[in-house]
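*Asks:* Take a look at the following structure, please.
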Amino acid sequence: MGSQKGGTKSLMLASGALDGAPYSIEWSEFPAAQNLLEAIGSGAVDVGLAGDAPFQFAYQAGSPIKAVGAQTTQKKLPGALALLVPAGSPIQGPSGLRGKRIATTRGSVGHYLLLRAMQAGKLGTGDVKTVFLSPSDARAAMQARSVDGWSTWQPYVASALAEGDRIAIDGRDYSAGYGFDVAYDGAIRDKRALLSDFLKREGQAIAWASKNVDAYADVLAKETGLPLPIAQEFVRTNQRVPVPIDREVIERQALVLDTFRQFGEVKADRPLKDAFVLKV
């Protein structure tokens, strides 16, 4: 099982949802969805949760993966996904990105937010200098002021805000907030019953987390080393609910794919419907 920082591992441990499971879990943790999806695509990890944008980016790159479960944000709260700038920055919205250097992780939900913001500001690829960095390197670049902004997600948003940065563009108006449990094709073939059981337990864990915010944040802080206030902010802005993979969910992913294609980030044309397993 793969988990991003502040992700599935902390949730499952805090909730106790894996207690009594008839199998064992070996956890691998990753700083971003890109790294997680590379591990899943290679077969080193069976399944992990990733945002819609990195999933589509990896799938169109030819990775042997499919979505077997879906989640969406329960409430669209500010700060779950954001383009951050230093407190004194003149950037106030999409049009202010012209001529600026913006850090993000390639193929991430942050990358997708940046592209959607560029669309809103009627900006082309030559109008913004995109600097592709890992989250840790992007944070360092922001601290050194070698970039003008950083498009990222939680818990990195909360950490940057605590250091005095501010949100210039909030992701609520640009992202549907979907996340997908993405599995390796071989795991779907060979471990289908285990995947089905895990998804049920994950749903139970999500329901527990919505009612036990403080308890979840405590475990999250211990597991990740995040300061407790940052962990609490992550939990507050990242409340999710499982949803079935249906036609509406799949069709809403077309916007994600079309946005990457418009900016030349995706050139392949694998059928969108083939990226999903409707029932595990």
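Going by the structure tokens order, chains are called A, B, ..., each with residues numbered from 1, while ligands are numbered from 1 in the order shown.
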If DSSP is run on the backbone, what residues of range 17-238 of chain A are helix (DSSP H, G or I)? A reply as a PyMOL selection string would be ideal.
*Replies:* chain A and resi 33-41+52-60+94-97+109-120+135-144+156-162+171-173+185-190+192-211+213-224+228-237
*Asks:* Give me the residues near Ala215 in chain A as a PyMOL selection string, where near means some atom within 12 Å (using only C-alpha atoms) and where sequence neighbours in that chain fewer than 2 positions away do not count.
*Replies:* chain A and resi 10-11+13-16+208-213+217-222+228+231-232+235
*Asks:* Kindly provide the residues of range 40-159 of chain A that approach range 26-36 of chain A to within 12 Å, each paired with its closest atom pair and their distance in Å to one decimal, based on only C-alpha atoms, listed by chain and increasing number, as CSV.
*Replies:*
residue,atom,partner,partner_atom,distance
A:Ile40,CA,A:Leu36,CA,6.3
A:Gly41,CA,A:Leu36,CA,8.7
A:Ser42,CA,A:Leu36,CA,10.1
A:Gly43,CA,A:Leu36,CA,10.9
A:Ala44,CA,A:Ser28,CA,9.5
A:Val45,CA,A:Ser28,CA,7.7
A:Asp46,CA,A:Glu26,CA,10.0
A:Val47,CA,A:Leu36,CA,9.0
A:Gly48,CA,A:Leu36,CA,7.1
A:Leu49,CA,A:Ala33,CA,7.9
A:Ala50,CA,A:Ala33,CA,5.4
A:Gly51,CA,A:Ala33,CA,7.2
A:Asp52,CA,A:Ala33,CA,9.9
A:Ala53,CA,A:Ala33,CA,9.4
A:Pro54,CA,A:Gln34,CA,6.3
A:Phe55,CA,A:Ala33,CA,8.0
A:Gln56,CA,A:Gln34,CA,10.9
A:Phe57,CA,A:Gln34,CA,8.9
A:Ala58,CA,A:Gln34,CA,7.7
A:Tyr59,CA,A:Gln34,CA,11.2
A:Ala61,CA,A:Gln34,CA,11.7
A:Ser63,CA,A:Gln34,CA,11.6
A:Ile65,CA,A:Leu36,CA,11.7
A:Thr104,CA,A:Ala32,CA,10.9
A:Thr105,CA,A:Gln34,CA,8.0
A:Arg106,CA,A:Gln34,CA,7.7
A:Gly107,CA,A:Gln34,CA,6.9
A:Ser108,CA,A:Gln34,CA,6.8
A:Val109,CA,A:Ala33,CA,8.8
A:Gly110,CA,A:Ala32,CA,10.5
A:His111,CA,A:Gln34,CA,11.3
A:Phe132,CA,A:Gln34,CA,11.9
A:Leu133,CA,A:Ala32,CA,10.8
A:Ser134,CA,A:Ala32,CA,7.7
A:Pro135,CA,A:Pro31,CA,7.1
A:Ser136,CA,A:Pro31,CA,8.2
A:Asp137,CA,A:Pro31,CA,11.1
A:Ala138,CA,A:Pro31,CA,12.0
A:Thr152,CA,A:Ala32,CA,10.1
A:Trp153,CA,A:Ala32,CA,9.7
A:Gln154,CA,A:Ala32,CA,10.7
A:Pro155,CA,A:Pro31,CA,10.6
A:Tyr156,CA,A:Pro31,CA,10.2
*Asks:* Using the selection just defined, write its residues with C-alpha atoms as a PDB file, in the first residue's frame.
*Replies:*
ATOM      1  CA  ILE A  40       2.244   1.560  -8.616  1.00  0.00           C
ATOM      2  CA  GLY A  41       2.945   1.515 -12.352  1.00  0.00           C
ATOM      3  CA  SER A  42       6.090  -0.525 -11.795  1.00  0.00           C
ATOM      4  CA  GLY A  43       4.248  -3.068  -9.643  1.00  0.00           C
ATOM      5  CA  ALA A  44       6.272  -2.172  -6.541  1.00  0.00           C
ATOM      6  CA  VAL A  45       3.050  -0.986  -4.856  1.00  0.00           C
ATOM      7  CA  ASP A  46      -0.401  -2.507  -5.329  1.00  0.00           C
ATOM      8  CA  VAL A  47      -2.646   0.486  -4.644  1.00  0.00           C
ATOM      9  CA  GLY A  48      -2.597   4.079  -3.394  1.00  0.00           C
ATOM     10  CA  LEU A  49      -4.698   7.237  -3.308  1.00  0.00           C
ATOM     11  CA  ALA A  50      -3.903  10.001  -5.816  1.00  0.00           C
ATOM     12  CA  GLY A  51      -5.625  13.126  -7.072  1.00  0.00           C
ATOM     13  CA  ASP A  52      -7.470  13.120 -10.374  1.00  0.00           C
ATOM     14  CA  ALA A  53      -4.863  15.197 -12.220  1.00  0.00           C
ATOM     15  CA  PRO A  54      -1.784  13.052 -11.465  1.00  0.00           C
ATOM     16  CA  PHE A  55      -3.804   9.904 -12.112  1.00  0.00           C
ATOM     17  CA  GLN A  56      -4.838  11.107 -15.578  1.00  0.00           C
ATOM     18  CA  PHE A  57      -1.316  12.332 -16.281  1.00  0.00           C
ATOM     19  CA  ALA A  58       0.201   8.934 -15.392  1.00  0.00           C
ATOM     20  CA  TYR A  59      -2.486   6.912 -17.166  1.00  0.00           C
ATOM     21  CA  ALA A  61       1.690   8.297 -20.155  1.00  0.00           C
ATOM     22  CA  SER A  63       1.183   3.391 -17.010  1.00  0.00           C
ATOM     23  CA  ILE A  65      -2.865   1.344 -13.735  1.00  0.00           C
ATOM     24  CA  THR A 104       4.785  23.080  -8.856  1.00  0.00           C
ATOM     25  CA  THR A 105       5.201  19.325  -9.226  1.00  0.00           C
ATOM     26  CA  ARG A 106       4.736  18.083 -12.772  1.00  0.00           C
ATOM     27  CA  GLY A 107       1.452  16.250 -13.322  1.00  0.00           C
ATOM     28  CA  SER A 108       0.177  17.083  -9.829  1.00  0.00           C
ATOM     29  CA  VAL A 109      -3.069  18.692  -8.696  1.00  0.00           C
ATOM     30  CA  GLY A 110      -0.935  21.797  -8.153  1.00  0.00           C
ATOM     31  CA  HIS A 111       0.149  21.686 -11.799  1.00  0.00           C
ATOM     32  CA  PHE A 132       8.873  21.806 -11.874  1.00  0.00           C
ATOM     33  CA  LEU A 133      10.118  20.811  -8.428  1.00  0.00           C
ATOM     34  CA  SER A 134       9.373  18.250  -5.727  1.00  0.00           C
ATOM     35  CA  PRO A 135       7.363  19.638  -2.787  1.00  0.00           C
ATOM     36  CA  SER A 136      10.443  19.912  -0.576  1.00  0.00           C
ATOM     37  CA  ASP A 137      12.447  21.720  -3.274  1.00  0.00           C
ATOM     38  CA  ALA A 138       9.506  23.986  -4.097  1.00  0.00           C
ATOM     39  CA  THR A 152       0.459  22.907  -4.141  1.00  0.00           C
ATOM     40  CA  TRP A 153      -1.842  20.968  -1.820  1.00  0.00           C
ATOM     41  CA  GLN A 154      -2.221  20.046   1.841  1.00  0.00           C
ATOM     42  CA  PRO A 155      -0.359  19.638   4.138  1.00  0.00           C
ATOM     43  CA  TYR A 156       2.143  21.814   2.253  1.00  0.00           C
TER      44      TYR A 156
END
*Asks:* Would you pick out the contacts of Gln74 in chain A at 6 Å or less, using only C-alpha atoms, so that residues sharing its chain but fewer than 3 positions from it are not included, and give the list as a ChimeraX atom specification?
*Replies:* /A:239-241
*Asks:* Identify all residues of range 29-181 of chain A in strand (DSSP E or B) (DSSP on the backbone) and supply them as a ChimeraX atom specification.
*Replies:* /A:29-30,47-51,65-73,81-85,101-104,129-132,149-153,166-170,178-181
*Asks:* Would you work out the distance separating CA of Leu194 in chain A from CA of Met1 in chain A, expressed in Å to one decimal?
*Replies:*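 Atom-to-atom, CA of Leu194 in chain A to CA of Met1 in chain A, that is 11.5 Å.
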